[in-house]
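*Asks:* Dropping in protein.cif, which is mmCIF, C-alpha atoms:
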data_entry
loop_
_atom_site.label_atom_id
_atom_site.label_comp_id
_atom_site.auth_asym_id
_atom_site.auth_seq_id
_atom_site.Cartn_x
_atom_site.Cartn_y
_atom_site.Cartn_z
CA MET A 9 115.24 -68.33 -7.22
CA LYS A 10 118.93 -67.67 -7.76
CA LYS A 11 121.30 -67.04 -4.87
CA MET A 12 120.99 -63.53 -3.46
CA ALA A 13 118.08 -62.75 -5.78
CA ILE A 14 117.24 -59.05 -5.64
CA GLY A 15 113.69 -58.20 -4.63
CA ILE A 16 111.67 -55.49 -2.91
CA MET A 17 109.65 -54.95 0.24
CA LEU A 18 106.12 -54.41 -1.01
CA GLY A 19 103.69 -52.43 1.08
CA VAL A 20 100.43 -53.40 -0.60
CA GLY A 21 98.23 -50.71 0.95
CA ASP A 22 94.50 -50.70 0.26
CA ASN A 23 94.82 -52.04 -3.29
CA PRO A 24 97.03 -55.15 -3.37
CA MET A 25 96.01 -55.98 -6.94
CA GLU A 26 97.46 -52.69 -8.15
CA SER A 27 100.44 -52.77 -5.80
CA ILE A 28 101.87 -56.12 -6.87
CA GLN A 29 102.55 -54.70 -10.33
CA LYS A 30 105.21 -52.50 -8.69
CA VAL A 31 107.42 -55.58 -8.37
CA LEU A 32 107.59 -56.04 -12.13
CA ASP A 33 107.74 -52.29 -12.77
CA VAL A 34 111.19 -52.08 -11.15
CA GLY A 35 112.44 -55.19 -12.93
CA VAL A 36 112.50 -57.85 -10.19
CA ASP A 37 110.42 -60.97 -9.65
CA ASN A 38 110.32 -61.47 -5.87
CA ALA A 39 109.13 -59.55 -2.85
CA GLN A 40 108.42 -59.57 0.83
CA MET A 41 104.78 -58.53 1.08
CA GLY A 42 103.19 -56.47 3.80
CA ARG A 43 99.91 -57.58 5.32
CA PRO A 44 97.05 -56.89 2.91
CA PRO A 45 93.63 -55.61 4.03
CA ASP A 46 91.64 -58.22 5.93
CA GLU A 47 89.27 -58.95 3.05
CA TYR A 48 92.25 -60.33 1.08
CA LEU A 49 93.26 -62.82 3.78
CA SER A 50 90.66 -65.37 2.65
CA GLY A 51 87.72 -65.96 0.32
CA LEU A 52 87.16 -64.45 -3.12
CA LYS A 53 89.56 -61.53 -2.68
CA PHE A 54 92.30 -63.94 -1.62
CA ASN A 55 91.69 -66.06 -4.72
CA GLU A 56 91.96 -62.96 -6.93
CA LEU A 57 95.20 -61.91 -5.27
CA LYS A 58 96.81 -65.36 -5.50
CA LYS A 59 95.82 -65.67 -9.15
CA ALA A 60 97.38 -62.28 -9.95
CA ILE A 61 100.62 -63.14 -8.13
CA ASP A 62 100.85 -66.49 -9.91
CA GLU A 63 100.03 -65.07 -13.34
CA LYS A 64 102.65 -62.33 -13.00
CA GLY A 65 105.27 -64.89 -11.99
CA ILE A 66 106.09 -63.16 -8.72
CA THR A 67 107.60 -65.09 -5.82
CA ILE A 68 106.48 -63.89 -2.40
CA THR A 69 109.36 -64.76 -0.07
CA THR A 70 107.80 -63.48 3.16
CA VAL A 71 104.52 -62.12 4.44
CA PHE A 72 105.19 -59.32 6.92
CA CYS A 73 102.81 -58.92 9.82
CA GLY A 74 101.41 -55.49 10.52
CA TYR A 75 98.93 -54.48 13.19
CA ASP A 76 96.23 -51.83 13.46
CA GLY A 77 97.28 -48.91 15.65
CA GLU A 78 101.03 -49.13 15.06
CA SER A 79 102.99 -45.90 14.68
CA TYR A 80 106.67 -45.28 13.95
CA ALA A 81 106.55 -41.54 14.72
CA ASP A 82 109.36 -41.67 17.30
CA ILE A 83 110.97 -44.20 19.63
CA PRO A 84 108.57 -43.75 22.61
CA THR A 85 105.60 -44.17 20.24
CA VAL A 86 107.14 -47.30 18.73
CA GLN A 87 107.63 -48.70 22.24
CA LYS A 88 103.95 -48.15 23.04
CA THR A 89 102.30 -49.15 19.77
CA VAL A 90 104.38 -51.61 17.74
CA GLY A 91 104.29 -55.38 17.83
CA LEU A 92 103.36 -57.95 20.47
CA VAL A 93 104.84 -56.50 23.67
CA ASN A 94 101.97 -54.24 24.81
CA ARG A 95 99.61 -56.25 27.03
CA ASN A 96 96.58 -54.21 25.95
CA THR A 97 96.81 -55.21 22.29
CA ARG A 98 98.72 -58.49 22.49
CA ALA A 99 95.85 -61.01 22.43
CA GLU A 100 94.15 -59.40 19.44
CA ARG A 101 97.43 -59.08 17.56
CA LEU A 102 98.42 -62.67 18.31
CA LYS A 103 95.14 -63.77 16.72
CA LYS A 104 95.92 -61.59 13.69
CA THR A 105 99.40 -63.14 13.46
CA PHE A 106 97.81 -66.59 13.25
CA GLU A 107 95.50 -65.32 10.48
CA ILE A 108 98.49 -63.96 8.57
CA ALA A 109 100.25 -67.32 8.95
CA ASP A 110 97.16 -69.03 7.51
CA PHE A 111 97.16 -66.54 4.63
CA ALA A 112 100.86 -67.13 3.94
CA GLU A 113 100.36 -70.90 4.00
CA LYS A 114 97.57 -70.65 1.40
CA LEU A 115 99.86 -68.51 -0.75
CA GLY A 116 102.56 -71.17 -0.50
CA VAL A 117 104.86 -68.85 1.47
CA LYS A 118 106.95 -70.54 4.15
CA ARG A 119 107.99 -67.46 6.11
CA ILE A 120 106.25 -64.74 8.06
CA ALA A 121 108.04 -61.89 9.81
CA ALA A 122 107.28 -59.03 12.17
CA HIS A 123 108.54 -56.19 14.27
CA ILE A 124 107.61 -57.77 17.59
CA GLY A 125 108.31 -54.53 19.48
CA PHE A 126 111.01 -53.60 21.99
CA VAL A 127 112.03 -56.76 23.84
CA PRO A 128 112.02 -55.87 27.57
CA GLU A 129 115.56 -55.26 28.85
CA ASP A 130 115.00 -57.02 32.18
CA THR A 131 115.09 -60.72 31.32
CA SER A 132 113.81 -61.59 34.81
CA SER A 133 110.66 -59.47 34.46
CA ALA A 134 107.14 -60.83 34.05
CA LEU A 135 106.77 -58.84 30.82
CA TYR A 136 109.87 -60.46 29.32
CA ARG A 137 108.54 -63.93 30.15
CA GLU A 138 105.17 -63.02 28.61
CA VAL A 139 106.80 -61.92 25.36
CA VAL A 140 108.92 -65.08 25.23
CA ASP A 141 105.74 -67.14 25.69
CA THR A 142 103.93 -65.14 22.99
CA ILE A 143 106.66 -65.73 20.42
CA ARG A 144 106.70 -69.42 21.33
CA LYS A 145 102.99 -69.51 20.52
CA VAL A 146 103.64 -68.00 17.09
CA ALA A 147 106.49 -70.42 16.42
CA ASP A 148 104.38 -73.37 17.56
CA TYR A 149 101.50 -72.26 15.32
CA CYS A 150 103.86 -72.03 12.34
CA LYS A 151 105.63 -75.33 13.01
CA PRO A 152 102.99 -77.78 11.62
CA LYS A 153 102.79 -75.56 8.53
CA LYS A 154 106.56 -76.01 8.08
CA MET A 155 106.91 -72.25 8.34
CA VAL A 156 109.40 -70.02 10.10
CA PHE A 157 108.77 -66.82 12.03
CA ALA A 158 111.42 -64.14 11.50
CA LEU A 159 112.05 -61.30 13.94
CA GLU A 160 112.92 -57.95 12.38
CA THR A 161 116.04 -56.33 13.82
CA GLY A 162 116.55 -52.84 15.12
CA GLN A 163 114.64 -52.17 18.28
CA GLU A 164 117.18 -53.79 20.61
CA ALA A 165 120.88 -54.57 20.57
CA ALA A 166 121.95 -57.73 18.75
CA GLU A 167 123.12 -59.30 22.02
CA ALA A 168 119.66 -58.82 23.55
CA LEU A 169 117.93 -60.27 20.48
CA LEU A 170 120.26 -63.27 20.49
CA GLN A 171 119.49 -63.96 24.16
CA PHE A 172 115.78 -63.60 23.46
CA ILE A 173 115.94 -66.13 20.60
CA LYS A 174 117.75 -68.57 22.87
CA ASP A 175 115.12 -68.08 25.58
CA VAL A 176 112.27 -68.66 23.11
CA ASN A 177 114.05 -71.91 22.25
CA ARG A 178 112.19 -72.84 19.06
CA ASP A 179 113.95 -74.15 15.97
CA ASN A 180 111.76 -72.20 13.52
CA ILE A 181 112.64 -68.73 14.82
CA ARG A 182 114.74 -66.71 12.41
CA VAL A 183 115.99 -63.14 11.94
CA ASN A 184 115.07 -60.70 9.21
CA PHE A 185 118.16 -58.50 9.37
CA ASP A 186 117.64 -54.82 8.58
CA PRO A 187 120.98 -53.01 8.97
CA ALA A 188 119.44 -49.56 8.69
CA ASN A 189 117.10 -50.24 11.60
CA MET A 190 120.08 -50.86 13.87
CA ILE A 191 121.20 -47.33 13.00
CA LEU A 192 117.77 -45.65 12.94
CA TYR A 193 117.00 -46.90 16.47
CA GLY A 194 120.56 -46.35 17.72
CA SER A 195 120.78 -50.04 18.65
CA GLY A 196 124.34 -50.75 17.53
CA GLU A 197 126.67 -51.08 14.57
CA PRO A 198 125.02 -53.32 11.96
CA ILE A 199 128.03 -55.30 10.70
CA PRO A 200 129.08 -56.79 14.08
CA ALA A 201 125.37 -57.40 14.78
CA LEU A 202 125.05 -59.34 11.53
CA GLU A 203 128.08 -61.44 12.41
CA LEU A 204 126.64 -62.19 15.85
CA LEU A 205 123.17 -63.16 14.60
CA GLY A 206 124.36 -64.74 11.36
CA LYS A 207 123.24 -68.33 11.96
CA TYR A 208 119.63 -67.16 12.40
CA VAL A 209 119.50 -64.75 9.46
CA ASP A 210 117.35 -66.08 6.62
CA GLY A 211 116.21 -62.77 5.16
CA VAL A 212 117.47 -59.20 4.93
CA HIS A 213 116.33 -55.70 4.11
CA CYS A 214 118.74 -53.70 2.00
CA LYS A 215 118.06 -50.28 3.45
CA ASP A 216 120.21 -47.36 4.54
CA GLY A 217 120.03 -44.61 7.10
CA LYS A 218 121.84 -42.26 9.44
CA TRP A 219 122.02 -42.24 13.22
CA PRO A 220 119.56 -40.28 15.41
CA THR A 221 120.69 -36.80 16.40
CA GLN A 222 118.28 -36.36 19.34
CA LYS A 223 117.28 -38.67 22.20
CA GLY A 224 113.94 -40.37 21.59
CA GLU A 225 113.98 -39.58 17.89
CA LEU A 226 114.56 -42.05 15.09
CA GLY A 227 117.41 -41.58 12.65
CA LYS A 228 116.69 -40.75 9.02
CA GLU A 229 116.39 -43.20 6.14
CA TYR A 230 118.51 -42.53 3.02
CA PRO A 231 118.75 -44.10 -0.44
CA LEU A 232 120.86 -47.25 -0.46
CA GLY A 233 124.56 -46.40 -0.40
CA GLN A 234 124.05 -42.87 0.98
CA GLY A 235 123.67 -43.66 4.68
CA ASP A 236 125.88 -45.06 7.44
CA VAL A 237 125.28 -48.79 6.88
CA GLY A 238 128.24 -49.34 4.58
CA ILE A 239 126.29 -51.43 2.09
CA ASP A 240 129.47 -52.80 0.50
CA LYS A 241 130.58 -54.20 3.87
CA PHE A 242 127.05 -55.46 4.50
CA ILE A 243 126.96 -57.52 1.29
CA ALA A 244 130.53 -58.74 1.87
CA THR A 245 129.57 -59.85 5.39
CA LEU A 246 126.48 -61.66 4.09
CA LYS A 247 128.75 -63.61 1.75
CA LYS A 248 131.18 -64.28 4.60
CA ILE A 249 128.48 -65.83 6.82
CA GLY A 250 127.21 -67.95 3.92
CA TYR A 251 123.93 -66.11 3.35
CA GLU A 252 122.33 -67.00 0.00
CA GLY A 253 118.76 -65.72 0.48
CA PRO A 254 117.04 -62.76 -1.19
CA LEU A 255 118.36 -59.20 -1.04
CA THR A 256 115.11 -57.35 -0.35
CA ILE A 257 115.28 -53.61 -0.99
CA GLU A 258 113.18 -51.51 1.36
CA ARG A 259 112.66 -47.80 0.70
CA GLU A 260 110.07 -46.34 3.02
CA ILE A 261 108.84 -43.44 0.94
CA THR A 262 106.25 -43.36 -1.85
CA GLY A 263 105.81 -42.23 -5.43
CA GLU A 264 108.30 -41.74 -8.24
CA GLU A 265 111.20 -40.97 -5.90
CA GLN A 266 110.74 -44.38 -4.27
CA LYS A 267 110.75 -46.09 -7.68
CA LYS A 268 113.87 -44.17 -8.76
CA ASP A 269 115.72 -45.03 -5.54
CA ILE A 270 114.76 -48.71 -5.82
CA ILE A 271 115.97 -48.95 -9.42
CA GLU A 272 119.29 -47.34 -8.43
CA ALA A 273 119.55 -49.70 -5.46
CA ILE A 274 119.04 -52.69 -7.76
CA GLU A 275 121.97 -51.59 -9.92
CA LEU A 276 124.16 -51.02 -6.85
CA LEU A 277 123.34 -54.47 -5.45
CA LYS A 278 124.05 -56.14 -8.78
CA LYS A 279 127.57 -54.67 -8.70
CA LEU A 280 128.18 -55.62 -5.07
CA ARG A 281 126.68 -59.07 -5.37
CA GLY A 282 128.76 -59.94 -8.43
#
Let me see whether you can do it: turn the structure in this file into structure tokens.
*Replies:*
Amino acid sequence: MKKMAIGIMLGVGDNPMESIQKVLDVGVDNAQMGRPPDEYLSGLKFNELKKAIDEKGITITTVFCGYDGESYADIPTVQKTVGLVNRNTRAERLKKTFEIADFAEKLGVKRIAAHIGFVPEDTSSALYREVVDTIRKVADYCKPKKMVFALETGQEAAEALLQFIKDVNRDNIRVNFDPANMILYGSGEPIPALELLGKYVDGVHCKDGKWPTQKGELGKEYPLGQGDVGIDKFIATLKKIGYEGPLTIEREITGEEQKKDIIEAIELLKKLRG
């Protein structure tokens, strides 16, 4: 792939075979792929999916972990339901993360990523230590596969995420930097956060949004270039820190409006990328 190749975040839904065509339909050839239904993780369905991806000439840059029972309705719900922090769901989800890593390896993908949930603020707490240990387990599982595990930004301040990465202390932990998430969760200005985390950033989401207006609520996503990210500054900062990986457009709506917004985002990124 070329430097800063433009791609999309592909939520494959219940029909991955149909969904992967969306990559070509918007005129790109690479994608981060969401977790497919379990029947596609191995066996005959996996073989069908891999064959389709290969035949269409699509490069999957990342497989994104997703877990049953997650909800992004509002910030308290995200805190309770998303990722690997909640003790009640952690063991089952850790097992699923390993399965997704196996799936990615068979696809020839060297990177998995996830929203791990809100990292506990108290670094001396038992819960914080448990989450550190959990992420070490994921990193250690990925290591023999020569894979990295990328943490999606947004649910904590960049300083807290940086400290967490240092505490995990594994050389295959990376950051999937989503500037809009920093805004949507009210976690901090994205450009200084990118500069702080830069050495760990090996993937990005090109997404836009506006700040929350009420406590406990998420901000609102907007088409790229219409929110508060400052996408021109974002791309300029990526260049400044030496980032050369994919520019993965994420637009979390569906239907024709999503396709239209993605195509417009591609044109905008082409201009900014140069």
*Asks:* What's the separation between atom CA of Lys223 of chain A and atom CA of Cys73 of chain A, in Å to one decimal place?
*Replies:*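 Between atom CA of Lys223 of chain A and atom CA of Cys73 of chain A the gap works out to 27.8 Å.
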*Asks:* Between atom CA of Val71 of chain A and atom CA of Thr105 of chain A, what is the distance in Å, rounded to a tenth?
*Replies:*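 Between atom CA of Val71 of chain A and atom CA of Thr105 of chain A the gap is 10.4 Å.
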*Asks:* Please work out which residues fall within 12 Å of (119.8, -44.4, 7.1), coordinates as given in the file, with all atoms listed in the file counting, and return them as a ChimeraX atom specification.
*Replies:* /A:186-194,198,214-220,226-239,258-260
*Asks:* Next, write the just-selected residues to a file, as a short mmCIF file (atom, residue, chain, number, x, y, z; two decimals), in the frame of the given file, keeping C-alpha atoms as the atom set.
*Replies:*
data_model
loop_
_atom_site.label_atom_id
_atom_site.label_comp_id
_atom_site.auth_asym_id
_atom_site.auth_seq_id
_atom_site.Cartn_x
_atom_site.Cartn_y
_atom_site.Cartn_z
CA ASP A 186 117.64 -54.82 8.58
CA PRO A 187 120.98 -53.01 8.97
CA ALA A 188 119.44 -49.56 8.69
CA ASN A 189 117.10 -50.24 11.60
CA MET A 190 120.08 -50.86 13.87
CA ILE A 191 121.20 -47.33 13.00
CA LEU A 192 117.77 -45.65 12.94
CA TYR A 193 117.00 -46.90 16.47
CA GLY A 194 120.56 -46.35 17.72
CA PRO A 198 125.02 -53.32 11.96
CA CYS A 214 118.74 -53.70 2.00
CA LYS A 215 118.06 -50.28 3.45
CA ASP A 216 120.21 -47.36 4.54
CA GLY A 217 120.03 -44.61 7.10
CA LYS A 218 121.84 -42.26 9.44
CA TRP A 219 122.02 -42.24 13.22
CA PRO A 220 119.56 -40.28 15.41
CA LEU A 226 114.56 -42.05 15.09
CA GLY A 227 117.41 -41.58 12.65
CA LYS A 228 116.69 -40.75 9.02
CA GLU A 229 116.39 -43.20 6.14
CA TYR A 230 118.51 -42.53 3.02
CA PRO A 231 118.75 -44.10 -0.44
CA LEU A 232 120.86 -47.25 -0.46
CA GLY A 233 124.56 -46.40 -0.40
CA GLN A 234 124.05 -42.87 0.98
CA GLY A 235 123.67 -43.66 4.68
CA ASP A 236 125.88 -45.06 7.44
CA VAL A 237 125.28 -48.79 6.88
CA GLY A 238 128.24 -49.34 4.58
CA ILE A 239 126.29 -51.43 2.09
CA GLU A 258 113.18 -51.51 1.36
CA ARG A 259 112.66 -47.80 0.70
CA GLU A 260 110.07 -46.34 3.02
#
*Asks:* The PyMOL selection byres ((chain A and resi 141-152) around 7) - which residues does that actually catch in the file I just gave you? List them as a list of chain:residue names.
*Replies:*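 Applied to this file, the PyMOL selection byres ((chain A and resi 141-152) around 7) returns A:Ala109, A:Arg137, A:Glu138, A:Val139, A:Val140, A:Lys153, A:Lys154, A:Met155, A:Val156, A:Phe157, A:Val176, A:Arg178, A:Asn180, A:Ile181.
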*Asks:* Once the PyMOL selection byres ((chain A and resi 274) around 9) is applied to the coordinates I shared, what remains selected? I want it as a PyMOL selection string.
*Replies:* chain A and resi 14-15+34-36+257+269-273+275-279
*Asks:* Rounded to one decimal, what separation in Å do you get between atom CA of Phe111 of chain A and atom CA of Ile261 of chain A?
*Replies:*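 Distance between the two atoms: 26.1 Å.
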*Asks:* Any idea what's packed within 12 Å of segment 63-69 of chain A, counting all atoms listed in the file, ignoring anything in its chain fewer than 5 positions away? Could you give it as a PyMOL selection string?
*Replies:* chain A and resi 9-10+13-18+25-26+28-33+35-43+56-58+111-121+155-156+158+184+210-212+253-256
*Asks:* Pull out every residue that the PyMOL selection byres ((chain A and resi 84) around 12) matches in the shown coordinates and put them as a ChimeraX atom specification.
*Replies:* /A:78-83,85-90,125-126,163,193,223-226
*Asks:* With distances taken over only C-alpha atoms, which of A:Asn94, A:Lys11, A:Ile173, A:Phe106 is nearest to Leu135 of chain A?
*Replies:* A:Asn94
*Asks:* May I ask which of the residues A:Ala99, A:Ile124, A:Val20, A:Leu246 is the closest one to Leu202 of chain A, counting all atoms listed in the file?
*Replies:*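 Between A:Ala99, A:Ile124, A:Val20, A:Leu246, the residue approaching Leu202 of chain A most closely is A:Leu246.
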*Asks:* Just checking: using all atoms listed in the file, which residue out of A:Lys267, A:Gly74, A:Pro24, A:Leu205 ends up closest to Ala60 of chain A?
*Replies:*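 For Ala60 of chain A, the nearest of the given residues is A:Pro24.
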*Asks:* Looking at A:Thr245, A:Gln222, A:Thr161, A:Gln171, which one is nearest to Gly196 of chain A, with distances taken over all atoms listed in the file?
*Replies:*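 Among the listed residues, the smallest separation from Gly196 of chain A belongs to A:Thr161.
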*Asks:* For a quick check of understanding, using only C-alpha atoms, which of A:Leu102, A:Ile108, A:Leu170, A:Val93 has the smallest distance to Arg182 of chain A?
*Replies:*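 Once distances to Arg182 of chain A are computed over only C-alpha atoms, the minimum belongs to A:Leu170.
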*Asks:* Counting all atoms listed in the file, which residue out of A:Val183, A:Ala244, A:Leu49, A:Ala165 sits closest to Glu197 of chain A?
*Replies:* A:Ala165
*Asks:* Produce the centre coordinates and the three edge lengths, each in Å to one decimal, of the box along x, y and z that contains all listed atoms of segment 56-66 of chain A with 5 Å added on each side, as lines of an AutoDock Vina configuration file.
*Replies:*
center_x = 99.0
center_y = -64.2
center_z = -9.3
size_x = 24.1
size_y = 14.6
size_z = 18.1
*Asks:* Extract segment 92-127 of chain A from the coordinates I pasted, and write it as a PDB file, in the first residue's frame (atoms kept: C-alpha atoms).
*Replies:*
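Dumped to result_4.pdb:
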ATOM      1  CA  LEU A  92     -12.589  -5.473  28.765  1.00  0.00           C
ATOM      2  CA  VAL A  93     -12.944  -3.467  31.977  1.00  0.00           C
ATOM      3  CA  ASN A  94     -16.180  -4.950  33.377  1.00  0.00           C
ATOM      4  CA  ARG A  95     -15.333  -7.956  35.570  1.00  0.00           C
ATOM      5  CA  ASN A  96     -18.613  -9.706  34.748  1.00  0.00           C
ATOM      6  CA  THR A  97     -17.892  -9.993  31.027  1.00  0.00           C
ATOM      7  CA  ARG A  98     -14.098  -9.822  30.936  1.00  0.00           C
ATOM      8  CA  ALA A  99     -13.200 -13.531  30.845  1.00  0.00           C
ATOM      9  CA  GLU A 100     -15.635 -14.323  28.039  1.00  0.00           C
ATOM     10  CA  ARG A 101     -14.540 -11.280  26.041  1.00  0.00           C
ATOM     11  CA  LEU A 102     -10.858 -12.059  26.527  1.00  0.00           C
ATOM     12  CA  LYS A 103     -11.518 -15.487  25.015  1.00  0.00           C
ATOM     13  CA  LYS A 104     -13.307 -13.819  22.096  1.00  0.00           C
ATOM     14  CA  THR A 105     -10.349 -11.452  21.621  1.00  0.00           C
ATOM     15  CA  PHE A 106      -8.057 -14.461  21.262  1.00  0.00           C
ATOM     16  CA  GLU A 107     -10.452 -15.949  18.676  1.00  0.00           C
ATOM     17  CA  ILE A 108     -10.412 -12.684  16.731  1.00  0.00           C
ATOM     18  CA  ALA A 109      -6.605 -12.671  16.829  1.00  0.00           C
ATOM     19  CA  ASP A 110      -6.624 -16.219  15.413  1.00  0.00           C
ATOM     20  CA  PHE A 111      -9.046 -15.088  12.697  1.00  0.00           C
ATOM     21  CA  ALA A 112      -6.862 -12.096  11.816  1.00  0.00           C
ATOM     22  CA  GLU A 113      -3.763 -14.283  11.659  1.00  0.00           C
ATOM     23  CA  LYS A 114      -5.459 -16.659   9.206  1.00  0.00           C
ATOM     24  CA  LEU A 115      -6.461 -13.656   7.092  1.00  0.00           C
ATOM     25  CA  GLY A 116      -2.841 -12.500   7.068  1.00  0.00           C
ATOM     26  CA  VAL A 117      -3.679  -9.366   9.077  1.00  0.00           C
ATOM     27  CA  LYS A 118      -1.023  -8.273  11.558  1.00  0.00           C
ATOM     28  CA  ARG A 119      -3.122  -5.909  13.653  1.00  0.00           C
ATOM     29  CA  ILE A 120      -6.186  -6.174  15.843  1.00  0.00           C
ATOM     30  CA  ALA A 121      -7.745  -3.254  17.689  1.00  0.00           C
ATOM     31  CA  ALA A 122     -10.444  -2.581  20.256  1.00  0.00           C
ATOM     32  CA  HIS A 123     -12.222  -0.129  22.467  1.00  0.00           C
ATOM     33  CA  ILE A 124     -10.999  -1.651  25.726  1.00  0.00           C
ATOM     34  CA  GLY A 125     -13.399   0.483  27.781  1.00  0.00           C
ATOM     35  CA  PHE A 126     -12.786   3.332  30.222  1.00  0.00           C
ATOM     36  CA  VAL A 127      -9.385   2.779  31.828  1.00  0.00           C
TER      37      VAL A 127
END
